[in-house]
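Input: a single structure, listed below in structure tokens.
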Amino acid sequence: MKCDSLVGKLFLVADDESIIRELLCEHLESLGARVLAAENGQEAWQLLQVNQVDFILSDVHMPGGDGLELLGRLNSAGMKIPLLFLTGFSDFSAEKAQAMGVIATIAKPFKLKDLDDTIARAWKIETS
Amino acid sequence: VKPDEQFNLSIVKAGGVILNITSSEESVDAEWESSVKIPHSLVDWRVRAAPTPKGLSAKHGSLPFIVLAAGILVASLFLLASQLGLRALSKSRKISRLNERLAKIMKLAPVGIFQHDAEGACVFVNDHWCEMTGIGQQEAQGDGWKSAIHPEDKEVVVAEWERALKEGHPFSLLYRYLDKQGNTHWVKTKSTELLDQNGNCIGLLGAVQDFTRQKFAEEDLRESRNFLQAVLDSLPVALFCKDAKNDFSFSLWNRAAENLWGLSEGRVIGKTDRDFFPKEQADFFRSIDEKTMRDGMIVEILEEQVLSPTKVPVIDTRGEPRFLLGISQDISEKKEIERLLEKQRLQIVQAEKMSSLGEMAGGIAHEINNPLATLELASHQLVLATENEIIDRLVVRKNAERISATVDRVAKIIKGLRSFARDGENDPFLSASVKEVILETLDFCQARFGKHKVHIRMQEVSDNLKLECRQTQISQVLLNLLSNAFDAVRPEPDSWIEIKAQERENMIEIRITDSGPGIPALLAEEIMKPFFTTKPAGKGTGLGLSISQMIIQSHNGSLALEMDSKHTCFVIKLPKFQENMKVSA
């Protein structure tokens, strides 16, 4: 993955678990991206109102507005921002999310390489 | 009356004829009646004499003659009395007393008595015979008596009767009467000839004894013995009897006893314990037997043995303890079944727990997958840190701490899972923080509940609230109630589950309320029963609540549905301290 491709891009990370949120931010920052962090879907939505976000990484289940809700809002508002789900629930059915237009769903735990590759692939699709 | 003249003499006491002497073999057709007071008699006798001249057939026709004869008779009697003197009078008084007694015997005798004339015609039957057969005195006369004989026996009896009469030997036969009510009477009849002075047969006198009871008594006895034996032999318990008046020798030994001890009835009856046991043991049994006879029922509790003998003294007809009845049961099978049932029960409890664990699997996966993601990210940060020329100690430290905290978190989950999954039934009662028990239980289900947007509200619980319990079990109960609540409210929007714990009257009260509308009163009792479930097939075991209740009861507490609540509310009440139980500090 070319780190350059993320340089200057604005990411939004939404996860209710602070350590994961922090680590994801740190990781994306290490790749040169700028990152916004939100604890839940509601907070993420508010950030989206005032920021030109290029890419969203979101947990699915979060108290106070979950990932699917966020995706629904984006669709309703006609905002075409690539969104990638990260979920710890092994029994999460990705079909609904895919139907709603999610880029991909990555199950936790994941290898960082897989995450990076998925982001890169998504990016490529979005920019091509 | 001249000696060769036929006459009939009756002596009458107030109430009836007690003596009837007829000088001829023929009966009297009509009577001459008169009476006289006998001067030397101690009682008030009336004498009635009735000569029987042949051809006198109508009473009315003889009346003038009777009146005429009365005076003559009075005179004759006085003459007779003075001529024969007191000797004759005393003799006739002896005869009359004898006859009086005979008449009484005839009346009172519990046997039927009959008299037949030489031709075989019945001339007399007593009251008892009439009672037995239902045939009246008059009806029995002549051949009338034959109608009393059972139709099946009639031919034989009549033939035998005629033979006895002809050959002049006594009649003796066992046969049946059939009375008018249709009842069969077995009778034993014996008769003997009546002879005149010259040894000629003038009739037969016989007695009929009702033999029905004797006839059937033996049969009944045998039958009831057989019946009792069959009952005793089909009992699944071993029964034996020892005769206390006969050295406690065995007098009864039923089939179950044969099977249980492998000794046949024939080998045991009449023997004593000494024939089967060493002296010391036999003496010990004897002491118990004697104590039983003295004190009443004894139940021997012999833990190591599979038998549970009960010994009871049996009272004889004189009200004295005579027999020792022993009741033993082969309880090895029962114990085995109990053991299997207990094993099954434990398996069911465990299965229920596993089932709830299965339901929680998604939540548990989440609890572990998230930390694993953390570890991956943090380790990558460490790798990145080493790639720089100057290692940022802060970054390293921060990520190391993250890893450590995450390890702790996973370890805690594993520990909780393990303690939940294990069987806590034999755990000691330990003092635990109520808050901690609740929080640890919530750890299992919070993620799952959150995923389905069921909000959990936990009221603040004091850290000081302590409870002596088997934590694993209480946790299982809480989890069960929470899961039930979750399943009930999950389909509804804005659903919630509330947990409240407080101390009340020295008891710990934990209330779990959900946003559901409550459970109909009709089902309130049902829900606590095993295998009752409202969940779709394959979803619930129907055992959760019954097991929960069992656990709470084993803690001397109670689990109940609160009836007057707007929402569904289960209340657990537990004593703070477990009395009389081993509590480890």
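Every chain in the structure tokens has a letter given in the order shown (A, B, ...), and although residue numbers restart at 1 in each chain, ligands are simply numbered from 1 in the order shown.
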
Using only C-alpha atoms, find which residues of chain A lie within 8 Å of chain B and jot them down as a PyMOL selection string.
-> chain A and resi 19-20+23-24+26-27+61-63+87-91+108-112

Determine which residues of segment 81-189 of chain B receive a DSSP assignment of strand (DSSP E or B), computed from the backbone, and state them as a VMD selection string.
-> chain B and resid 112 to 117 122 to 125 142 149 172 to 178 184 to 189

With a distance cut-off of 10 Å and only C-alpha atoms, select the neighbouring residues of Glu29 of chain A, excluding the residue or stretch itself and same-chain residues fewer than 6 positions from it, and output the selection as number ranges by chain.
-> A: 6-11, 23, 35

From the DSSP assignment of the backbone, select every residue of segment 320-415 of chain B that is alpha helix (DSSP H), and format the answer as number ranges by chain.
-> B: 332-387, 393-415

Name all residues at most 10 Å from Lys215 of chain B (count only C-alpha atoms; drop same-chain ones fewer than 3 positions away) and give them as a PyMOL selection string.
-> chain B and resi 185-187+210-212+218-220

Which neighbours of Phe486 of chain B fall inside 12 Å, counting only C-alpha atoms, when residues of the same chain fewer than 2 positions from it are skipped, and could you give them as JSON, numbers by chain?
-> {"B": [359, 360, 445, 446, 447, 448, 449, 450, 451, 452, 453, 454, 455, 456, 478, 479, 480, 481, 482, 483, 484, 488, 489, 490, 491, 492, 495, 496, 497, 498, 512, 513, 514, 515, 516, 535, 568]}

Nearby residues (only C-alpha atoms) at most 12 Å from Leu394 of chain B, same-chain spacing under 4 positions excluded, as a list in words |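 Once the adjacent positions are removed, what remains is Gln381, Leu382, Ala385, Ile390, Lys398, Asn399, Ala400 and Glu401 of chain B.
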
Once you have the residues from the selection above, write them out as an mmCIF file, in the first residue's frame, restricted to N, CA, C and O atoms.
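out-v7.cif, written as the output of this step:
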```cif
data_model
loop_
_atom_site.group_PDB
_atom_site.id
_atom_site.type_symbol
_atom_site.label_atom_id
_atom_site.label_comp_id
_atom_site.auth_asym_id
_atom_site.auth_seq_id
_atom_site.Cartn_x
_atom_site.Cartn_y
_atom_site.Cartn_z
ATOM 1 N N GLN B 381 2.008 -0.772 16.529
ATOM 2 C CA GLN B 381 2.586 0.503 16.973
ATOM 3 C C GLN B 381 3.986 0.296 17.543
ATOM 4 O O GLN B 381 4.887 1.103 17.319
ATOM 5 N N LEU B 382 4.140 -0.830 18.266
ATOM 6 C CA LEU B 382 5.467 -1.114 18.834
ATOM 7 C C LEU B 382 6.476 -1.380 17.720
ATOM 8 O O LEU B 382 7.607 -0.916 17.761
ATOM 9 N N ALA B 385 7.447 1.760 16.225
ATOM 10 C CA ALA B 385 8.337 2.514 17.122
ATOM 11 C C ALA B 385 9.780 2.054 16.969
ATOM 12 O O ALA B 385 10.708 2.858 17.017
ATOM 13 N N ILE B 390 15.288 6.971 16.644
ATOM 14 C CA ILE B 390 15.165 7.279 18.055
ATOM 15 C C ILE B 390 13.856 6.675 18.552
ATOM 16 O O ILE B 390 12.788 6.994 18.044
ATOM 17 N N LYS B 398 3.348 3.320 26.364
ATOM 18 C CA LYS B 398 1.906 3.456 26.230
ATOM 19 C C LYS B 398 1.296 2.194 25.612
ATOM 20 O O LYS B 398 0.304 1.646 26.103
ATOM 21 N N ASN B 399 1.943 1.691 24.565
ATOM 22 C CA ASN B 399 1.390 0.509 23.894
ATOM 23 C C ASN B 399 1.565 -0.760 24.720
ATOM 24 O O ASN B 399 0.702 -1.650 24.696
ATOM 25 N N ALA B 400 2.693 -0.820 25.434
ATOM 26 C CA ALA B 400 2.892 -1.969 26.324
ATOM 27 C C ALA B 400 1.792 -2.006 27.371
ATOM 28 O O ALA B 400 1.237 -3.063 27.693
ATOM 29 N N GLU B 401 1.467 -0.822 27.890
ATOM 30 C CA GLU B 401 0.399 -0.750 28.897
ATOM 31 C C GLU B 401 -0.954 -1.145 28.298
ATOM 32 O O GLU B 401 -1.757 -1.821 28.934
#
```

Neighbouring residues of Val237 of chain B were defined as those with any atom within 8 Å, considering only C-alpha atoms; residues of the same chain fewer than 2 positions away were excluded. Please report them as a short mmCIF file (atom, residue, chain, number, x, y, z; two decimals) with all heavy atoms, in the first residue's frame.
```cif
data_model
loop_
_atom_site.label_atom_id
_atom_site.label_comp_id
_atom_site.auth_asym_id
_atom_site.auth_seq_id
_atom_site.Cartn_x
_atom_site.Cartn_y
_atom_site.Cartn_z
N LEU B 235 -46.10 -59.02 46.31
CA LEU B 235 -45.57 -57.74 46.82
C LEU B 235 -44.11 -57.59 46.42
O LEU B 235 -43.36 -58.56 46.43
CB LEU B 235 -45.67 -57.70 48.35
CG LEU B 235 -47.04 -57.43 48.94
CD1 LEU B 235 -46.97 -57.49 50.46
CD2 LEU B 235 -47.55 -56.07 48.51
N LEU B 239 -41.13 -59.95 52.76
CA LEU B 239 -41.83 -60.02 54.04
C LEU B 239 -41.42 -61.30 54.74
O LEU B 239 -41.30 -62.35 54.11
CB LEU B 239 -43.34 -60.07 53.83
CG LEU B 239 -44.04 -58.82 53.35
CD1 LEU B 239 -45.52 -59.09 53.21
CD2 LEU B 239 -43.83 -57.68 54.32
N ALA B 256 -40.66 -62.44 47.47
CA ALA B 256 -39.64 -61.39 47.37
C ALA B 256 -38.50 -61.67 48.35
O ALA B 256 -37.34 -61.38 48.08
CB ALA B 256 -40.26 -60.03 47.65
N ALA B 257 -38.86 -62.27 49.50
CA ALA B 257 -37.83 -62.63 50.49
C ALA B 257 -36.95 -63.73 49.91
O ALA B 257 -35.72 -63.70 50.06
CB ALA B 257 -38.48 -63.08 51.79
N ILE B 327 -40.15 -56.22 57.20
CA ILE B 327 -40.38 -55.75 55.83
C ILE B 327 -39.05 -55.21 55.31
O ILE B 327 -38.50 -54.28 55.88
CB ILE B 327 -41.44 -54.63 55.79
CG1 ILE B 327 -42.71 -55.09 56.50
CG2 ILE B 327 -41.75 -54.22 54.36
CD1 ILE B 327 -43.60 -53.96 56.95
N SER B 328 -38.56 -55.81 54.27
CA SER B 328 -37.29 -55.36 53.71
C SER B 328 -37.44 -55.10 52.23
O SER B 328 -38.20 -55.78 51.56
CB SER B 328 -36.21 -56.42 53.91
OG SER B 328 -35.80 -56.43 55.24
N GLN B 329 -36.72 -54.14 51.78
CA GLN B 329 -36.82 -53.82 50.37
C GLN B 329 -35.44 -53.79 49.76
O GLN B 329 -34.50 -53.27 50.36
CB GLN B 329 -37.49 -52.47 50.21
CG GLN B 329 -38.21 -52.34 48.92
CD GLN B 329 -39.06 -51.10 48.88
OE1 GLN B 329 -39.16 -50.37 49.86
NE2 GLN B 329 -39.67 -50.85 47.75
N ASP B 330 -35.35 -54.35 48.57
CA ASP B 330 -34.09 -54.26 47.85
C ASP B 330 -34.05 -52.88 47.23
O ASP B 330 -34.70 -52.63 46.23
CB ASP B 330 -34.06 -55.34 46.77
CG ASP B 330 -32.70 -55.38 46.09
OD1 ASP B 330 -31.90 -54.46 46.34
OD2 ASP B 330 -32.45 -56.31 45.32
#
```
